[in-house]
file target39.csv (CSV, C-alpha atoms)
chain,number,residue,atom,x,y,z
A,1,MET,CA,0.0,0.0,0.0
A,2,ILE,CA,2.7,2.5,1.0
A,3,GLU,CA,4.6,1.5,-2.2
A,4,ILE,CA,1.7,2.7,-4.3
A,5,VAL,CA,1.6,6.0,-2.5
A,6,LEU,CA,5.4,6.4,-3.0
A,7,ALA,CA,5.1,5.5,-6.7
A,8,ILE,CA,2.3,8.0,-7.3
A,9,LEU,CA,4.1,10.8,-5.4
A,10,SER,CA,7.4,10.3,-7.2
A,11,THR,CA,5.8,10.0,-10.6
A,12,VAL,CA,3.9,13.3,-10.2
A,13,GLY,CA,7.0,15.0,-8.9
A,14,ALA,CA,9.2,13.8,-11.7
A,15,LEU,CA,6.6,14.6,-14.4
A,16,SER,CA,6.2,18.2,-13.1
A,17,ILE,CA,10.0,18.6,-13.1
A,18,LEU,CA,9.9,17.3,-16.7
A,19,PHE,CA,7.2,19.8,-17.6
A,20,ALA,CA,9.2,22.6,-16.1
A,21,SER,CA,12.2,21.7,-18.2
A,22,ILE,CA,10.1,21.4,-21.4
A,23,GLY,CA,8.6,24.8,-20.5
A,24,ILE,CA,12.0,26.5,-20.1
A,25,LEU,CA,12.9,25.2,-23.5
A,26,ARG,CA,9.8,25.9,-25.4
A,27,MET,CA,8.3,29.1,-24.0
A,28,PRO,CA,8.9,32.1,-26.3
A,29,ASP,CA,9.8,34.7,-23.7
A,30,PHE,CA,12.0,35.2,-20.6
A,31,TYR,CA,9.1,36.1,-18.4
A,32,LEU,CA,7.0,33.2,-19.5
A,33,ARG,CA,10.0,30.9,-18.9
A,34,LEU,CA,10.4,32.3,-15.4
A,35,SER,CA,6.7,31.8,-14.6
A,36,VAL,CA,6.7,28.2,-15.8
A,37,THR,CA,9.9,27.2,-14.1
A,38,VAL,CA,9.6,28.3,-10.6
A,39,LYS,CA,6.2,26.9,-9.7
A,40,ALA,CA,6.6,23.6,-11.4
A,41,SER,CA,10.1,22.8,-10.2
A,42,THR,CA,9.2,23.7,-6.6
A,43,LEU,CA,6.2,21.4,-6.7
A,44,GLY,CA,8.2,18.5,-8.2
A,45,VAL,CA,11.1,18.7,-5.8
A,46,GLY,CA,8.7,19.1,-2.9
A,47,LEU,CA,6.9,15.9,-3.8
A,48,LEU,CA,10.1,14.0,-4.2
A,49,LEU,CA,11.2,15.2,-0.7
A,50,ILE,CA,7.9,14.1,0.8
A,51,CYS,CA,8.6,10.7,-0.9
A,52,ALA,CA,11.9,10.5,1.0
A,53,ALA,CA,10.3,11.6,4.2
A,54,ILE,CA,7.8,8.7,4.0
A,55,MET,CA,10.4,6.2,2.9
A,56,PHE,CA,12.9,6.6,5.8
A,57,PRO,CA,11.3,5.6,9.2
A,58,ASP,CA,13.3,8.2,11.0
A,59,VAL,CA,12.4,11.6,12.5
A,60,SER,CA,15.6,13.3,11.5
A,61,VAL,CA,15.0,12.6,7.8
A,62,THR,CA,11.4,14.0,8.0
A,63,THR,CA,12.7,17.1,9.7
A,64,LYS,CA,15.3,17.6,7.1
A,65,ALA,CA,12.9,17.1,4.2
A,66,ILE,CA,10.4,19.5,5.7
A,67,ALA,CA,13.2,22.0,6.3
A,68,ILE,CA,14.2,21.8,2.6
A,69,ILE,CA,10.6,22.1,1.4
A,70,PHE,CA,10.0,25.1,3.6
A,71,PHE,CA,13.2,26.8,2.5
A,72,LEU,CA,12.4,26.2,-1.2
A,73,ILE,CA,8.9,27.6,-0.9
A,74,ILE,CA,10.2,30.6,0.9
A,75,THR,CA,13.2,31.4,-1.4
A,76,ALA,CA,12.0,30.4,-4.9
A,77,PRO,CA,9.5,33.4,-5.3
A,78,ILE,CA,12.1,35.8,-3.8
A,79,GLY,CA,14.8,34.8,-6.3
A,80,ALA,CA,12.3,34.8,-9.2
A,81,HIS,CA,11.1,38.2,-8.3
A,82,MET,CA,14.6,39.6,-8.1
A,83,ILE,CA,15.8,38.1,-11.4
A,84,GLY,CA,12.6,39.2,-13.1
A,85,ARG,CA,13.1,42.7,-11.8
A,86,ALA,CA,16.7,42.8,-13.0
A,87,ALA,CA,15.6,41.5,-16.4
A,88,TYR,CA,13.0,44.2,-16.7
A,89,PHE,CA,15.5,46.9,-15.9
A,90,THR,CA,18.1,45.6,-18.3
A,91,GLY,CA,15.6,45.8,-21.1
A,92,THR,CA,14.8,42.1,-21.9
A,93,PRO,CA,12.1,42.3,-24.6
A,94,LEU,CA,8.6,40.9,-24.0
A,95,TRP,CA,7.1,38.4,-26.4
A,96,LYS,CA,5.7,39.8,-29.6
A,97,GLY,CA,2.2,38.6,-28.7
A,98,THR,CA,2.2,40.6,-25.4
A,99,ILE,CA,-1.0,42.6,-25.1
A,100,ILE,CA,-0.3,45.0,-22.3
A,101,ASP,CA,2.8,46.1,-20.3
A,102,GLU,CA,1.4,47.8,-17.2
A,103,LEU,CA,4.9,48.6,-15.8
A,104,ALA,CA,5.9,50.7,-18.8
A,105,GLY,CA,6.9,54.2,-17.7
A,106,MET,CA,6.0,53.4,-14.1
A,107,TYR,CA,9.6,52.8,-12.9
A,108,ASN,CA,11.9,55.7,-12.0
A,109,GLU,CA,15.0,55.0,-14.1
A,110,GLU,CA,17.4,56.6,-11.6
A,111,THR,CA,16.3,55.3,-8.3
A,112,HIS,CA,14.5,52.1,-9.4
A,113,GLU,CA,11.5,53.0,-7.4
A,114,LEU,CA,8.0,52.1,-8.5
A,115,GLU,CA,5.4,54.9,-8.7
A,116,SER,CA,1.8,54.1,-8.7
A,117,GLU,CA,0.6,57.3,-10.2
A,118,GLU,CA,1.4,58.6,-13.6
A,119,SER,CA,4.9,59.9,-13.2
A,120,ASP,CA,6.5,63.0,-14.6
A,121,THR,CA,9.1,61.1,-16.5
A,122,ASP,CA,6.7,59.4,-18.9
A,123,ASP,CA,8.6,60.5,-22.0
A,124,ASP,CA,9.5,56.9,-22.9
A,125,ASP,CA,6.6,54.8,-21.8
A,126,THR,CA,6.5,52.7,-24.9
A,127,PRO,CA,6.5,49.0,-23.8
A,128,ASN,CA,9.5,47.0,-24.7
A,129,ILE,CA,7.7,44.4,-26.8
A,130,ALA,CA,9.7,42.4,-29.3
A,131,LYS,CA,8.9,42.7,-33.0
A,132,THR,CA,10.0,39.2,-34.1
A,133,ASP,CA,10.5,35.8,-32.5
A,134,GLU,CA,14.2,35.9,-33.0
A,135,GLU,CA,14.7,38.6,-30.3
A,136,THR,CA,13.4,36.5,-27.5
A,137,GLU,CA,13.9,32.9,-28.7
B,1,MET,CA,5.6,-7.5,-10.2
B,2,ILE,CA,7.7,-4.4,-10.5
B,3,THR,CA,9.6,-3.4,-7.4
B,4,LEU,CA,9.8,0.2,-6.2
B,5,GLU,CA,13.6,0.1,-6.5
B,6,ALA,CA,13.4,-0.9,-10.2
B,7,TYR,CA,10.8,1.8,-10.7
B,8,PHE,CA,13.1,4.5,-9.2
B,9,ASP,CA,16.0,3.2,-11.3
B,10,TYR,CA,14.4,2.8,-14.6
B,11,VAL,CA,11.6,5.5,-14.6
B,12,ILE,CA,12.2,8.4,-12.2
B,13,LEU,CA,15.9,8.9,-12.5
B,14,PRO,CA,15.8,8.8,-16.4
B,15,ILE,CA,13.0,11.4,-16.4
B,16,LEU,CA,15.1,13.7,-14.2
B,17,SER,CA,18.2,13.1,-16.3
B,18,ILE,CA,16.2,14.1,-19.5
B,19,SER,CA,15.0,17.2,-17.7
B,20,VAL,CA,18.5,18.3,-16.9
B,21,MET,CA,19.6,17.8,-20.5
B,22,LEU,CA,16.7,19.9,-21.8
B,23,VAL,CA,17.6,22.7,-19.4
B,24,PHE,CA,21.2,22.5,-20.5
B,25,ILE,CA,20.0,23.3,-24.1
B,26,ARG,CA,18.5,26.5,-22.7
B,27,LEU,CA,21.7,27.2,-20.7
B,28,PHE,CA,23.7,27.2,-23.9
B,29,LYS,CA,21.2,28.8,-26.1
B,30,GLY,CA,19.7,31.5,-23.9
B,31,PRO,CA,19.7,34.9,-25.7
B,32,ALA,CA,20.1,37.0,-22.5
B,33,VAL,CA,22.2,36.5,-19.4
B,34,VAL,CA,19.0,36.3,-17.3
B,35,ASP,CA,17.9,33.3,-19.2
B,36,ARG,CA,21.1,31.5,-18.3
B,37,VAL,CA,20.7,32.5,-14.6
B,38,VAL,CA,17.2,31.0,-14.5
B,39,ALA,CA,18.4,27.8,-16.3
B,40,LEU,CA,21.3,27.4,-13.8
B,41,ASP,CA,18.8,27.9,-10.9
B,42,LEU,CA,16.6,25.2,-12.4
B,43,ILE,CA,19.5,22.8,-12.9
B,44,ILE,CA,20.4,23.1,-9.2
B,45,THR,CA,16.8,22.6,-8.2
B,46,ILE,CA,16.5,19.4,-10.3
B,47,GLY,CA,19.9,18.4,-8.7
B,48,ILE,CA,18.2,18.5,-5.3
B,49,GLY,CA,15.5,16.1,-6.6
B,50,ILE,CA,18.2,13.8,-8.1
B,51,ILE,CA,20.0,13.7,-4.8
B,52,THR,CA,16.8,12.9,-2.9
B,53,VAL,CA,16.0,10.0,-5.2
B,54,TYR,CA,19.6,8.7,-5.0
B,55,SER,CA,19.5,8.9,-1.2
B,56,ILE,CA,16.3,6.8,-1.2
B,57,ARG,CA,17.8,4.3,-3.6
B,58,SER,CA,21.1,3.9,-1.7
B,59,ASN,CA,19.6,4.1,1.8
B,60,GLN,CA,22.0,6.9,2.8
B,61,GLU,CA,20.0,9.6,4.5
B,62,VAL,CA,23.2,11.7,4.9
B,63,PHE,CA,22.9,12.9,1.3
B,64,LEU,CA,19.9,15.1,2.3
B,65,ASP,CA,22.4,17.4,4.0
B,66,VAL,CA,24.0,18.1,0.6
B,67,ALA,CA,20.5,19.0,-0.7
B,68,ILE,CA,20.1,21.6,2.1
B,69,ILE,CA,23.4,23.2,1.1
B,70,LEU,CA,22.5,23.2,-2.6
B,71,ALA,CA,19.2,24.9,-2.0
B,72,LEU,CA,21.0,27.6,0.0
B,73,ILE,CA,23.7,28.1,-2.7
B,74,ALA,CA,21.0,28.3,-5.5
B,75,PHE,CA,19.1,31.0,-3.7
B,76,LEU,CA,22.3,33.0,-2.9
B,77,GLY,CA,23.5,32.6,-6.5
B,78,THR,CA,20.3,33.8,-8.0
B,79,VAL,CA,20.1,36.8,-5.7
B,80,ALA,CA,23.7,37.8,-6.3
B,81,PHE,CA,23.3,37.5,-10.1
B,82,ALA,CA,20.2,39.6,-10.0
B,83,TYR,CA,21.9,42.3,-7.8
B,84,TYR,CA,24.9,42.6,-10.0
B,85,ILE,CA,23.0,42.5,-13.3
B,86,GLU,CA,20.9,45.4,-12.0
B,87,LYS,CA,24.0,47.3,-10.8
B,88,GLN,CA,25.9,46.7,-14.0
B,89,LYS,CA,23.1,48.4,-16.0
B,90,ASP,CA,23.5,51.7,-14.1
B,91,ASP,CA,27.1,52.2,-15.0

call {"tool": "encode", "arguments": {"input": "target39.csv", "output": "structure tokens"}}
result
Amino acid sequence: MIEIVLAILSTVGALSILFASIGILRMPDFYLRLSVTVKASTLGVGLLLICAAIMFPDVSVTTKAIAIIFFLIITAPIGAHMIGRAAYFTGTPLWKGTIIDELAGMYNEETHELESEESDTDDDDTPNIAKTDEETE
Amino acid sequence: MITLEAYFDYVILPILSISVMLVFIRLFKGPAVVDRVVALDLIITIGIGIITVYSIRSNQEVFLDVAIILALIAFLGTVAFAYYIEKQKDD
């Protein structure tokens, strides 16, 4: 019975990691790649770690597995947010099918602060959307 | 009857290995440097999964300590890359 549970957990975990890697290869844009990768890989590794926690009949392993899952769930969104912010500032183009870029012109270029109201420096609020697939592929 | 050990050896570990290979294609191809940073982060995360499965298969629970350290290094690496990419643009 417990073997079936372990097989199901590890299969779902490995498949979601596989989907994350297919997504990072096939998605047309950096931001879509980031969105696919972080969630799916965190879920997959978390399920594999739960698998290990069930497998070993020991409290220390369960504690370690829960610690790793907690750490991953805490840190993965922070890292993704920071790298996405850096990518937006360095001018990584959005996909050519992007409909709206609500951040365009909202960031202060000097201080990197976000302004919610329409700022004074809205001279270049054209969204950075790619014209062709070759720019983001 | 398929045993769980054979299932881990012949299904789970090959799936994870294929995933790492697919991410390596993006690591070499990536047009911007941020694509490569994300690919590197994903490789380390998949590496944590591989270490977990290997520690199940070899009955060595000590390997999970390595997984903790790798998770820490992946986070620190991503944050440091993001910080310096953002700083580099200002100069």

call {"tool": "interface_residues", "arguments": {"input": "target39.csv", "of": "chain B", "to": "chain A", "cutoff": "8 Å", "atoms": "all atoms listed in the file", "output": "MDAnalysis selection string"}}
result
chainID B and resid 4 7 12 15:16 18:20 22:23 25:26 30:32 34:35 38:39 42 45:46 48:49 52:53 56 61 64:65 67:68 71 75 78:79 81:83 85:86 89

call {"tool": "closest_residue", "arguments": {"input": "target39.csv", "among": "B:Leu27, B:Ile50, B:Ile44, B:Val62", "to": "Phe8 of chain B", "atoms": "all atoms listed in the file"}}
result
B:Ile50

call {"tool": "atom_distance", "arguments": {"input": "target39.csv", "atom1": "atom CA of Glu113 of chain A", "atom2": "atom CA of Val37 of chain B"}}
result
23.6 Å

call {"tool": "atom_distance", "arguments": {"input": "target39.csv", "atom1": "atom CA of Asp101 of chain A", "atom2": "atom CA of Pro127 of chain A"}}
result
5.9 Å

call {"tool": "atom_distance", "arguments": {"input": "target39.csv", "atom1": "atom CA of Glu5 of chain B", "atom2": "atom CA of Ser58 of chain B"}}
result
9.7 Å

call {"tool": "decode", "arguments": {"input": "target39.csv", "residues": "segment 38-102 of chain A", "atoms": "C-alpha atoms", "output": "PDB file, in the first residue's frame"}}
result
ATOM      1  CA  VAL A  38       9.639  28.349 -10.558  1.00  0.00           C
ATOM      2  CA  LYS A  39       6.238  26.911  -9.676  1.00  0.00           C
ATOM      3  CA  ALA A  40       6.560  23.551 -11.403  1.00  0.00           C
ATOM      4  CA  SER A  41      10.072  22.783 -10.168  1.00  0.00           C
ATOM      5  CA  THR A  42       9.205  23.717  -6.576  1.00  0.00           C
ATOM      6  CA  LEU A  43       6.194  21.386  -6.677  1.00  0.00           C
ATOM      7  CA  GLY A  44       8.221  18.542  -8.194  1.00  0.00           C
ATOM      8  CA  VAL A  45      11.128  18.706  -5.765  1.00  0.00           C
ATOM      9  CA  GLY A  46       8.703  19.095  -2.863  1.00  0.00           C
ATOM     10  CA  LEU A  47       6.868  15.909  -3.841  1.00  0.00           C
ATOM     11  CA  LEU A  48      10.144  13.984  -4.196  1.00  0.00           C
ATOM     12  CA  LEU A  49      11.210  15.178  -0.740  1.00  0.00           C
ATOM     13  CA  ILE A  50       7.861  14.104   0.760  1.00  0.00           C
ATOM     14  CA  CYS A  51       8.570  10.730  -0.860  1.00  0.00           C
ATOM     15  CA  ALA A  52      11.906  10.537   0.978  1.00  0.00           C
ATOM     16  CA  ALA A  53      10.262  11.589   4.228  1.00  0.00           C
ATOM     17  CA  ILE A  54       7.771   8.710   3.971  1.00  0.00           C
ATOM     18  CA  MET A  55      10.432   6.230   2.873  1.00  0.00           C
ATOM     19  CA  PHE A  56      12.851   6.583   5.808  1.00  0.00           C
ATOM     20  CA  PRO A  57      11.329   5.584   9.179  1.00  0.00           C
ATOM     21  CA  ASP A  58      13.291   8.233  11.007  1.00  0.00           C
ATOM     22  CA  VAL A  59      12.368  11.579  12.523  1.00  0.00           C
ATOM     23  CA  SER A  60      15.587  13.314  11.479  1.00  0.00           C
ATOM     24  CA  VAL A  61      14.974  12.630   7.781  1.00  0.00           C
ATOM     25  CA  THR A  62      11.423  13.951   8.020  1.00  0.00           C
ATOM     26  CA  THR A  63      12.688  17.090   9.722  1.00  0.00           C
ATOM     27  CA  LYS A  64      15.337  17.631   7.060  1.00  0.00           C
ATOM     28  CA  ALA A  65      12.850  17.089   4.237  1.00  0.00           C
ATOM     29  CA  ILE A  66      10.362  19.522   5.740  1.00  0.00           C
ATOM     30  CA  ALA A  67      13.173  22.041   6.264  1.00  0.00           C
ATOM     31  CA  ILE A  68      14.217  21.806   2.607  1.00  0.00           C
ATOM     32  CA  ILE A  69      10.609  22.131   1.375  1.00  0.00           C
ATOM     33  CA  PHE A  70      10.020  25.143   3.630  1.00  0.00           C
ATOM     34  CA  PHE A  71      13.240  26.776   2.476  1.00  0.00           C
ATOM     35  CA  LEU A  72      12.417  26.183  -1.210  1.00  0.00           C
ATOM     36  CA  ILE A  73       8.899  27.554  -0.859  1.00  0.00           C
ATOM     37  CA  ILE A  74      10.239  30.633   0.942  1.00  0.00           C
ATOM     38  CA  THR A  75      13.176  31.397  -1.355  1.00  0.00           C
ATOM     39  CA  ALA A  76      11.998  30.440  -4.858  1.00  0.00           C
ATOM     40  CA  PRO A  77       9.534  33.363  -5.260  1.00  0.00           C
ATOM     41  CA  ILE A  78      12.076  35.834  -3.848  1.00  0.00           C
ATOM     42  CA  GLY A  79      14.758  34.760  -6.303  1.00  0.00           C
ATOM     43  CA  ALA A  80      12.301  34.754  -9.186  1.00  0.00           C
ATOM     44  CA  HIS A  81      11.069  38.222  -8.306  1.00  0.00           C
ATOM     45  CA  MET A  82      14.608  39.617  -8.077  1.00  0.00           C
ATOM     46  CA  ILE A  83      15.786  38.108 -11.362  1.00  0.00           C
ATOM     47  CA  GLY A  84      12.605  39.201 -13.124  1.00  0.00           C
ATOM     48  CA  ARG A  85      13.071  42.735 -11.823  1.00  0.00           C
ATOM     49  CA  ALA A  86      16.689  42.769 -13.014  1.00  0.00           C
ATOM     50  CA  ALA A  87      15.563  41.475 -16.414  1.00  0.00           C
ATOM     51  CA  TYR A  88      12.956  44.224 -16.719  1.00  0.00           C
ATOM     52  CA  PHE A  89      15.511  46.923 -15.891  1.00  0.00           C
ATOM     53  CA  THR A  90      18.111  45.628 -18.333  1.00  0.00           C
ATOM     54  CA  GLY A  91      15.564  45.758 -21.133  1.00  0.00           C
ATOM     55  CA  THR A  92      14.810  42.125 -21.871  1.00  0.00           C
ATOM     56  CA  PRO A  93      12.109  42.320 -24.565  1.00  0.00           C
ATOM     57  CA  LEU A  94       8.648  40.905 -24.005  1.00  0.00           C
ATOM     58  CA  TRP A  95       7.095  38.377 -26.356  1.00  0.00           C
ATOM     59  CA  LYS A  96       5.717  39.799 -29.598  1.00  0.00           C
ATOM     60  CA  GLY A  97       2.202  38.632 -28.704  1.00  0.00           C
ATOM     61  CA  THR A  98       2.158  40.569 -25.432  1.00  0.00           C
ATOM     62  CA  ILE A  99      -1.025  42.625 -25.148  1.00  0.00           C
ATOM     63  CA  ILE A 100      -0.256  45.026 -22.288  1.00  0.00           C
ATOM     64  CA  ASP A 101       2.793  46.061 -20.263  1.00  0.00           C
ATOM     65  CA  GLU A 102       1.426  47.818 -17.216  1.00  0.00           C
TER      66      GLU A 102
END
